[in-house]
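Data block for input08.cif (mmCIF, C-alpha atoms; chains and numbers go by the auth columns):
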data_work
loop_
_atom_site.group_PDB
_atom_site.id
_atom_site.type_symbol
_atom_site.label_atom_id
_atom_site.label_comp_id
_atom_site.label_asym_id
_atom_site.label_seq_id
_atom_site.Cartn_x
_atom_site.Cartn_y
_atom_site.Cartn_z
_atom_site.B_iso_or_equiv
_atom_site.auth_seq_id
_atom_site.auth_asym_id
ATOM 1 C CA MET A 1 -138.765 -85.743 7.936 0.00 1 A
ATOM 2 C CA GLY A 2 -138.487 -82.079 8.893 0.00 2 A
ATOM 3 C CA ILE A 3 -137.598 -82.652 12.541 0.00 3 A
ATOM 4 C CA HIS A 4 -135.071 -80.213 13.953 0.00 4 A
ATOM 5 C CA THR A 5 -133.797 -79.140 17.359 0.00 5 A
ATOM 6 C CA VAL A 6 -134.482 -75.758 18.946 0.00 6 A
ATOM 7 C CA THR A 7 -133.267 -74.266 22.219 0.00 7 A
ATOM 8 C CA ASP A 8 -135.841 -71.466 22.271 0.00 8 A
ATOM 9 C CA ILE A 9 -139.516 -71.767 21.422 0.00 9 A
ATOM 10 C CA CYS A 10 -139.337 -68.378 19.690 0.00 10 A
ATOM 11 C CA GLU A 11 -137.338 -70.078 16.932 0.00 11 A
ATOM 12 C CA CYS A 12 -140.456 -72.030 15.937 0.00 12 A
ATOM 13 C CA LYS A 13 -143.285 -70.908 13.681 0.00 13 A
ATOM 14 C CA GLY A 14 -145.984 -73.282 14.840 0.00 14 A
ATOM 15 C CA GLY A 15 -146.575 -76.997 14.440 0.00 15 A
ATOM 16 C CA ILE A 16 -145.707 -79.905 16.716 0.00 16 A
ATOM 17 C CA CYS A 17 -143.301 -79.413 19.623 0.00 17 A
ATOM 18 C CA ILE A 18 -141.753 -82.491 21.240 0.00 18 A
ATOM 19 C CA VAL A 19 -140.445 -82.543 24.806 0.00 19 A
ATOM 20 C CA ARG A 20 -137.402 -84.814 24.897 0.00 20 A
ATOM 21 C CA SER A 21 -136.869 -87.674 27.365 0.00 21 A
ATOM 22 C CA HIS A 22 -135.105 -85.512 29.989 0.00 22 A
ATOM 23 C CA GLY A 23 -138.270 -83.515 30.581 0.00 23 A
ATOM 24 C CA MET A 24 -138.793 -79.767 30.796 0.00 24 A
ATOM 25 C CA ALA A 25 -139.645 -77.055 33.317 0.00 25 A
ATOM 26 C CA PRO A 26 -143.429 -76.608 33.792 0.00 26 A
ATOM 27 C CA ASP A 27 -143.334 -72.926 32.797 0.00 27 A
ATOM 28 C CA LYS A 28 -141.704 -73.840 29.482 0.00 28 A
ATOM 29 C CA ILE A 29 -144.389 -76.433 28.794 0.00 29 A
ATOM 30 C CA GLU A 30 -147.102 -73.851 29.510 0.00 30 A
ATOM 31 C CA GLU A 31 -145.339 -71.382 27.225 0.00 31 A
ATOM 32 C CA ILE A 32 -145.373 -73.936 24.399 0.00 32 A
ATOM 33 C CA LYS A 33 -149.099 -74.565 24.869 0.00 33 A
ATOM 34 C CA ALA A 34 -149.892 -70.859 25.151 0.00 34 A
ATOM 35 C CA LYS A 35 -148.234 -70.181 21.815 0.00 35 A
ATOM 36 C CA GLY A 36 -150.523 -72.680 20.109 0.00 36 A
ATOM 37 C CA PHE A 37 -148.161 -75.551 19.448 0.00 37 A
ATOM 38 C CA GLU A 38 -149.294 -79.158 19.537 0.00 38 A
ATOM 39 C CA LEU A 39 -147.324 -80.547 22.463 0.00 39 A
ATOM 40 C CA VAL A 40 -146.018 -84.126 22.442 0.00 40 A
ATOM 41 C CA ASP A 41 -144.466 -84.908 25.825 0.00 41 A
ATOM 42 C CA LEU A 42 -141.887 -87.689 25.438 0.00 42 A
ATOM 43 C CA THR A 43 -140.468 -87.322 28.937 0.00 43 A
ATOM 44 C CA CYS A 44 -139.227 -90.753 30.053 0.00 44 A
ATOM 45 C CA PRO A 45 -141.673 -92.342 32.550 0.00 45 A
ATOM 46 C CA ASP A 46 -138.786 -92.944 34.963 0.00 46 A
ATOM 47 C CA VAL A 47 -137.876 -89.251 34.802 0.00 47 A
ATOM 48 C CA LYS A 48 -141.541 -88.319 35.352 0.00 48 A
ATOM 49 C CA LYS A 49 -141.465 -90.444 38.493 0.00 49 A
ATOM 50 C CA VAL A 50 -138.493 -88.480 39.871 0.00 50 A
ATOM 51 C CA GLN A 51 -140.313 -85.208 39.179 0.00 51 A
ATOM 52 C CA GLN A 52 -143.407 -86.497 40.984 0.00 52 A
ATOM 53 C CA LYS A 53 -141.419 -87.727 44.000 0.00 53 A
ATOM 54 C CA ALA A 54 -139.554 -84.411 44.266 0.00 54 A
ATOM 55 C CA VAL A 55 -142.874 -82.545 44.165 0.00 55 A
ATOM 56 C CA GLN A 56 -144.312 -84.894 46.804 0.00 56 A
ATOM 57 C CA LEU A 57 -141.375 -84.229 49.145 0.00 57 A
ATOM 58 C CA ALA A 58 -141.640 -80.464 48.581 0.00 58 A
ATOM 59 C CA LYS A 59 -145.376 -80.509 49.382 0.00 59 A
ATOM 60 C CA GLU A 60 -144.667 -82.477 52.576 0.00 60 A
ATOM 61 C CA GLY A 61 -142.263 -79.758 53.703 0.00 61 A
ATOM 62 C CA PHE A 62 -138.994 -81.660 53.352 0.00 62 A
ATOM 63 C CA PRO A 63 -135.882 -79.846 52.146 0.00 63 A
ATOM 64 C CA VAL A 64 -135.444 -81.705 48.842 0.00 64 A
ATOM 65 C CA LEU A 65 -132.026 -82.990 47.818 0.00 65 A
ATOM 66 C CA ILE A 66 -131.735 -83.887 44.132 0.00 66 A
ATOM 67 C CA LEU A 67 -128.636 -86.020 43.711 0.00 67 A
ATOM 68 C CA GLY A 68 -127.050 -85.427 40.313 0.00 68 A
ATOM 69 C CA LYS A 69 -125.379 -82.908 38.057 0.00 69 A
ATOM 70 C CA GLY A 70 -126.884 -79.431 38.302 0.00 70 A
ATOM 71 C CA GLU A 71 -126.307 -78.636 34.631 0.00 71 A
ATOM 72 C CA HIS A 72 -127.955 -81.833 33.385 0.00 72 A
ATOM 73 C CA PRO A 73 -131.317 -81.173 31.639 0.00 73 A
ATOM 74 C CA GLU A 74 -133.060 -83.926 33.604 0.00 74 A
ATOM 75 C CA VAL A 75 -131.985 -82.387 36.918 0.00 75 A
ATOM 76 C CA ILE A 76 -132.919 -78.871 35.754 0.00 76 A
ATOM 77 C CA ALA A 77 -136.453 -80.100 34.994 0.00 77 A
ATOM 78 C CA ILE A 78 -136.780 -82.006 38.293 0.00 78 A
ATOM 79 C CA LYS A 79 -135.707 -78.930 40.244 0.00 79 A
ATOM 80 C CA ALA A 80 -138.073 -76.657 38.301 0.00 80 A
ATOM 81 C CA ASN A 81 -141.027 -78.925 39.125 0.00 81 A
ATOM 82 C CA ALA A 82 -140.202 -79.023 42.847 0.00 82 A
ATOM 83 C CA LEU A 83 -139.576 -75.257 43.051 0.00 83 A
ATOM 84 C CA GLN A 84 -143.277 -74.694 42.391 0.00 84 A
ATOM 85 C CA TYR A 85 -143.960 -75.859 45.958 0.00 85 A
ATOM 86 C CA SER A 86 -140.854 -74.974 47.973 0.00 86 A
ATOM 87 C CA ASP A 87 -137.723 -72.859 47.836 0.00 87 A
ATOM 88 C CA LYS A 88 -135.694 -75.437 49.773 0.00 88 A
ATOM 89 C CA ILE A 89 -134.599 -77.439 46.742 0.00 89 A
ATOM 90 C CA PHE A 90 -130.913 -78.348 46.473 0.00 90 A
ATOM 91 C CA VAL A 91 -128.886 -80.146 43.805 0.00 91 A
ATOM 92 C CA ILE A 92 -126.075 -82.216 45.307 0.00 92 A
ATOM 93 C CA SER A 93 -123.371 -83.907 43.233 0.00 93 A
ATOM 94 C CA ASP A 94 -121.030 -84.981 46.054 0.00 94 A
ATOM 95 C CA VAL A 95 -120.485 -84.905 49.824 0.00 95 A
ATOM 96 C CA ASP A 96 -118.657 -81.548 49.638 0.00 96 A
ATOM 97 C CA GLU A 97 -121.773 -79.907 48.198 0.00 97 A
ATOM 98 C CA LEU A 98 -123.877 -81.484 50.951 0.00 98 A
ATOM 99 C CA ASN A 99 -121.548 -80.049 53.588 0.00 99 A
ATOM 100 C CA LYS A 100 -122.135 -76.542 52.185 0.00 100 A
ATOM 101 C CA ILE A 101 -125.817 -76.746 53.178 0.00 101 A
ATOM 102 C CA SER A 102 -125.319 -78.836 56.319 0.00 102 A
ATOM 103 C CA ASP A 103 -126.492 -75.983 58.602 0.00 103 A
ATOM 104 C CA ILE A 104 -129.808 -75.789 56.735 0.00 104 A
ATOM 105 C CA ILE A 105 -130.316 -79.564 56.923 0.00 105 A
ATOM 106 C CA LYS A 106 -129.375 -79.726 60.607 0.00 106 A
ATOM 107 C CA ASN A 107 -131.747 -76.875 61.400 0.00 107 A
ATOM 108 C CA GLU A 108 -134.608 -78.598 59.562 0.00 108 A
ATOM 109 C CA LYS A 109 -133.701 -81.976 61.131 0.00 109 A
ATOM 110 C CA ARG A 110 -135.155 -83.752 58.097 0.00 110 A
ATOM 111 C CA ALA A 111 -134.447 -84.230 54.401 0.00 111 A
ATOM 112 C CA GLY A 112 -136.054 -85.779 51.336 0.00 112 A
ATOM 113 C CA VAL A 113 -133.903 -87.403 48.666 0.00 113 A
ATOM 114 C CA VAL A 114 -134.334 -88.268 45.000 0.00 114 A
ATOM 115 C CA ILE A 115 -131.597 -89.114 42.516 0.00 115 A
ATOM 116 C CA GLN A 116 -131.026 -88.485 38.811 0.00 116 A
ATOM 117 C CA THR A 117 -132.065 -91.632 36.918 0.00 117 A
ATOM 118 C CA THR A 118 -128.637 -92.216 35.362 0.00 118 A
ATOM 119 C CA GLN A 119 -126.526 -91.647 38.484 0.00 119 A
ATOM 120 C CA LYS A 120 -124.432 -94.246 40.304 0.00 120 A
ATOM 121 C CA SER A 121 -125.869 -95.896 43.430 0.00 121 A
ATOM 122 C CA GLU A 122 -122.553 -95.072 45.135 0.00 122 A
ATOM 123 C CA LEU A 123 -123.567 -91.383 45.201 0.00 123 A
ATOM 124 C CA LEU A 124 -126.854 -92.214 46.926 0.00 124 A
ATOM 125 C CA GLN A 125 -125.078 -94.349 49.522 0.00 125 A
ATOM 126 C CA ASN A 126 -122.434 -91.696 50.258 0.00 126 A
ATOM 127 C CA ILE A 127 -124.952 -88.875 50.690 0.00 127 A
ATOM 128 C CA VAL A 128 -127.376 -90.880 52.828 0.00 128 A
ATOM 129 C CA SER A 129 -124.560 -92.036 55.139 0.00 129 A
ATOM 130 C CA GLN A 130 -123.797 -88.352 55.844 0.00 130 A
ATOM 131 C CA LEU A 131 -127.446 -87.310 56.139 0.00 131 A
ATOM 132 C CA VAL A 132 -127.945 -89.853 58.918 0.00 132 A
ATOM 133 C CA LEU A 133 -125.567 -87.783 61.035 0.00 133 A
ATOM 134 C CA MET A 134 -127.406 -84.512 60.297 0.00 134 A
ATOM 135 C CA THR A 135 -131.092 -85.403 60.589 0.00 135 A
ATOM 136 C CA SER A 136 -133.648 -87.284 62.607 0.00 136 A
ATOM 137 C CA GLU A 137 -135.867 -88.030 59.598 0.00 137 A
ATOM 138 C CA ILE A 138 -134.903 -88.931 56.026 0.00 138 A
ATOM 139 C CA LYS A 139 -137.304 -89.862 53.239 0.00 139 A
ATOM 140 C CA ILE A 140 -135.488 -91.522 50.335 0.00 140 A
ATOM 141 C CA PHE A 141 -136.705 -92.433 46.870 0.00 141 A
ATOM 142 C CA ASN A 142 -134.146 -94.478 44.960 0.00 142 A
ATOM 143 C CA THR A 143 -135.089 -93.243 41.494 0.00 143 A
ATOM 144 C CA ILE A 144 -132.119 -94.653 39.582 0.00 144 A
ATOM 145 C CA CYS A 145 -133.468 -96.207 36.385 0.00 145 A
ATOM 146 C CA LYS A 146 -133.608 -100.016 36.641 0.00 146 A
ATOM 147 C CA SER A 147 -132.201 -100.491 33.137 0.00 147 A
ATOM 148 C CA THR A 148 -129.264 -98.227 34.088 0.00 148 A
ATOM 149 C CA GLU A 149 -128.598 -100.320 37.199 0.00 149 A
ATOM 150 C CA ARG A 150 -128.874 -103.529 35.186 0.00 150 A
ATOM 151 C CA ARG A 151 -126.524 -102.237 32.478 0.00 151 A
ATOM 152 C CA GLN A 152 -123.970 -101.203 35.100 0.00 152 A
ATOM 153 C CA HIS A 153 -124.161 -104.587 36.837 0.00 153 A
ATOM 154 C CA GLU A 154 -123.813 -106.575 33.602 0.00 154 A
ATOM 155 C CA ALA A 155 -120.920 -104.387 32.431 0.00 155 A
ATOM 156 C CA LEU A 156 -119.138 -104.919 35.746 0.00 156 A
ATOM 157 C CA GLU A 157 -119.448 -108.683 35.386 0.00 157 A
ATOM 158 C CA LEU A 158 -118.097 -108.465 31.836 0.00 158 A
ATOM 159 C CA ALA A 159 -115.200 -106.253 32.955 0.00 159 A
ATOM 160 C CA LYS A 160 -114.072 -108.885 35.464 0.00 160 A
ATOM 161 C CA LYS A 161 -113.470 -111.262 32.544 0.00 161 A
ATOM 162 C CA SER A 162 -111.882 -108.707 30.203 0.00 162 A
ATOM 163 C CA ASP A 163 -108.456 -107.091 30.037 0.00 163 A
ATOM 164 C CA LEU A 164 -109.965 -104.141 28.124 0.00 164 A
ATOM 165 C CA MET A 165 -113.457 -102.643 28.133 0.00 165 A
ATOM 166 C CA ILE A 166 -114.851 -100.476 25.346 0.00 166 A
ATOM 167 C CA VAL A 167 -117.718 -98.140 26.319 0.00 167 A
ATOM 168 C CA VAL A 168 -119.538 -96.781 23.264 0.00 168 A
ATOM 169 C CA GLY A 169 -121.589 -93.609 23.439 0.00 169 A
ATOM 170 C CA SER A 170 -121.659 -89.844 23.666 0.00 170 A
ATOM 171 C CA LYS A 171 -119.318 -88.201 26.153 0.00 171 A
ATOM 172 C CA ASN A 172 -122.214 -85.844 26.953 0.00 172 A
ATOM 173 C CA SER A 173 -124.347 -88.811 28.065 0.00 173 A
ATOM 174 C CA ALA A 174 -124.506 -89.173 31.845 0.00 174 A
ATOM 175 C CA ASN A 175 -125.233 -92.904 31.932 0.00 175 A
ATOM 176 C CA THR A 176 -122.479 -93.661 29.390 0.00 176 A
ATOM 177 C CA THR A 177 -119.905 -91.576 31.263 0.00 177 A
ATOM 178 C CA HIS A 178 -120.807 -93.252 34.543 0.00 178 A
ATOM 179 C CA LEU A 179 -120.407 -96.666 32.933 0.00 179 A
ATOM 180 C CA ALA A 180 -116.856 -95.762 31.939 0.00 180 A
ATOM 181 C CA GLU A 181 -116.094 -94.402 35.417 0.00 181 A
ATOM 182 C CA ILE A 182 -117.309 -97.596 37.090 0.00 182 A
ATOM 183 C CA LEU A 183 -115.423 -99.928 34.760 0.00 183 A
ATOM 184 C CA GLN A 184 -112.126 -98.043 35.081 0.00 184 A
ATOM 185 C CA ASN A 185 -111.936 -99.361 38.652 0.00 185 A
ATOM 186 C CA ILE A 186 -112.021 -102.944 37.356 0.00 186 A
ATOM 187 C CA THR A 187 -109.971 -103.021 34.135 0.00 187 A
ATOM 188 C CA PRO A 188 -108.476 -100.623 31.527 0.00 188 A
ATOM 189 C CA THR A 189 -111.380 -98.857 29.824 0.00 189 A
ATOM 190 C CA LEU A 190 -111.778 -96.792 26.652 0.00 190 A
ATOM 191 C CA HIS A 191 -114.774 -94.480 26.242 0.00 191 A
ATOM 192 C CA ILE A 192 -115.329 -93.854 22.543 0.00 192 A
ATOM 193 C CA GLU A 193 -118.116 -92.211 20.554 0.00 193 A
ATOM 194 C CA THR A 194 -117.604 -93.949 17.188 0.00 194 A
ATOM 195 C CA ALA A 195 -115.326 -96.533 15.578 0.00 195 A
ATOM 196 C CA ASP A 196 -113.213 -93.669 14.180 0.00 196 A
ATOM 197 C CA ASP A 197 -111.913 -93.038 17.701 0.00 197 A
ATOM 198 C CA PHE A 198 -109.940 -96.287 17.470 0.00 198 A
ATOM 199 C CA ASP A 199 -107.364 -94.685 15.190 0.00 199 A
ATOM 200 C CA LYS A 200 -105.380 -93.489 18.222 0.00 200 A
ATOM 201 C CA GLN A 201 -105.928 -96.646 20.273 0.00 201 A
ATOM 202 C CA ASN A 202 -104.795 -99.448 17.971 0.00 202 A
ATOM 203 C CA GLU A 203 -101.847 -100.464 20.149 0.00 203 A
ATOM 204 C CA ILE A 204 -103.793 -101.078 23.372 0.00 204 A
ATOM 205 C CA ILE A 205 -106.420 -103.011 21.394 0.00 205 A
ATOM 206 C CA LYS A 206 -103.813 -105.221 19.688 0.00 206 A
ATOM 207 C CA ASN A 207 -102.273 -106.024 23.077 0.00 207 A
ATOM 208 C CA SER A 208 -105.606 -107.086 24.610 0.00 208 A
ATOM 209 C CA MET A 209 -106.701 -110.722 24.516 0.00 209 A
ATOM 210 C CA ASN A 210 -110.240 -110.375 25.886 0.00 210 A
ATOM 211 C CA ILE A 211 -112.160 -107.222 24.979 0.00 211 A
ATOM 212 C CA GLY A 212 -115.606 -106.445 26.392 0.00 212 A
ATOM 213 C CA VAL A 213 -117.982 -104.014 24.689 0.00 213 A
ATOM 214 C CA THR A 214 -120.851 -102.148 26.322 0.00 214 A
ATOM 215 C CA ALA A 215 -122.781 -98.987 25.452 0.00 215 A
ATOM 216 C CA GLY A 216 -124.934 -96.211 26.843 0.00 216 A
ATOM 217 C CA ALA A 217 -128.714 -96.342 26.738 0.00 217 A
ATOM 218 C CA SER A 218 -128.998 -93.936 23.808 0.00 218 A
ATOM 219 C CA THR A 219 -126.191 -95.345 21.643 0.00 219 A
ATOM 220 C CA PRO A 220 -127.631 -96.482 18.276 0.00 220 A
ATOM 221 C CA ASP A 221 -127.130 -100.136 17.341 0.00 221 A
ATOM 222 C CA TYR A 222 -125.410 -99.272 14.071 0.00 222 A
ATOM 223 C CA ILE A 223 -122.624 -97.435 15.940 0.00 223 A
ATOM 224 C CA ILE A 224 -122.121 -100.407 18.279 0.00 224 A
ATOM 225 C CA ASN A 225 -121.988 -102.762 15.277 0.00 225 A
ATOM 226 C CA ASP A 226 -119.456 -100.500 13.529 0.00 226 A
ATOM 227 C CA VAL A 227 -117.268 -100.632 16.640 0.00 227 A
ATOM 228 C CA ILE A 228 -117.390 -104.431 16.802 0.00 228 A
ATOM 229 C CA LYS A 229 -116.594 -104.664 13.086 0.00 229 A
ATOM 230 C CA LYS A 230 -113.609 -102.344 13.467 0.00 230 A
ATOM 231 C CA LEU A 231 -112.373 -104.309 16.499 0.00 231 A
ATOM 232 C CA LYS A 232 -112.401 -107.520 14.478 0.00 232 A
ATOM 233 C CA GLN A 233 -110.400 -105.844 11.734 0.00 233 A
ATOM 234 C CA ILE A 234 -107.773 -104.631 14.212 0.00 234 A
#
This entry written out as structure tokens:
Amino acid sequence: MGIHTVTDICECKGGICIVRSHGMAPDKIEEIKAKGFELVDLTCPDVKKVQQKAVQLAKEGFPVLILGKGEHPEVIAIKANALQYSDKIFVISDVDELNKISDIIKNEKRAGVVIQTTQKSELLQNIVSQLVLMTSEIKIFNTICKSTERRQHEALELAKKSDLMIVVGSKNSANTTHLAEILQNITPTLHIETADDFDKQNEIIKNSMNIGVTAGASTPDYIINDVIKKLKQI
């Protein structure tokens, strides 16, 4: 249909420009509009909500902690939105990173928190438990996507009844990777991208009696169906 991906707006020669679900920095959106493109913003509503909450916290003067992976496009866009209103915006992926800015947080005596939509609730709990010791005021928005939480919960229940879990989806996908990480604590888990990845895993599959299958939010149905078909053949 003529759709293609670009990393730089200069690669385009006009037409429609779509913002993907992870969102985009405000200055990039303005650049797209200024160059005369028709902008279609397909930022996920849940991601928009995180951006709005981060902006709210920045306007209220809180140091803003964005819990997630700094290199993830969703987090980059959230940070860019909040930076319009404050320079005290920090991306935190674990307790060690929080400790690096502990002096700033203790001096401010307050902190605002949002979290990447596809992160694990465990990260939120760990960071907040440490923030309690550093501050006298914390404002928290649990912005983990509800469908992500539901998928994680259902996969955990399935893993308890399985002696092998198969997680299907891109290894660049945050929610898919987190699913695999969570399930590894319950039962042996394979994270695969397509049914072709089974070629090196036939033995563990043959030795498993109960196999559970789950997938990331963006994994197409046809790939999941191919995996199930291949499992039946094995």
Review point. If the PyMOL selection byres ((chain A and resi 2-14) around 9) is run on the structure shown, which residues does it catch, given as a PyMOL selection string?
Key: chain A and resi 1+15-17+28+31-32+35-38
Can you turn the PyMOL selection byres ((chain A and resi 25) around 9) into a concrete residue list for this file, as a short mmCIF file (atom, residue, chain, number, x, y, z; two decimals) with C-alpha atoms, in the frame of the given file?
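Now in expr.cif:
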data_model
loop_
_atom_site.label_atom_id
_atom_site.label_comp_id
_atom_site.auth_asym_id
_atom_site.auth_seq_id
_atom_site.Cartn_x
_atom_site.Cartn_y
_atom_site.Cartn_z
CA GLY A 23 -138.27 -83.52 30.58
CA MET A 24 -138.79 -79.77 30.80
CA PRO A 26 -143.43 -76.61 33.79
CA ASP A 27 -143.33 -72.93 32.80
CA LYS A 28 -141.70 -73.84 29.48
CA ILE A 29 -144.39 -76.43 28.79
CA GLU A 30 -147.10 -73.85 29.51
CA ILE A 76 -132.92 -78.87 35.75
CA ALA A 77 -136.45 -80.10 34.99
CA ILE A 78 -136.78 -82.01 38.29
CA LYS A 79 -135.71 -78.93 40.24
CA ALA A 80 -138.07 -76.66 38.30
CA ASN A 81 -141.03 -78.92 39.12
#
Point to revise | Ground truth for the PyMOL selection byres ((chain A and resi 224) around 12), written as a ChimeraX atom specification | key: /A:166-170,192-196,213-223,225-231
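Nearest to Leu98 (chain A) of all the residues A:Gln119, A:Leu124, A:Val75, A:Tyr85 is A:Leu124, based on all atoms listed in the file.
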Check your understanding: Rounded to one decimal in Å, what is the spacing between CA of Val113 (chain A) and CA of Phe62 (chain A)?
Key -> 9.0 Å
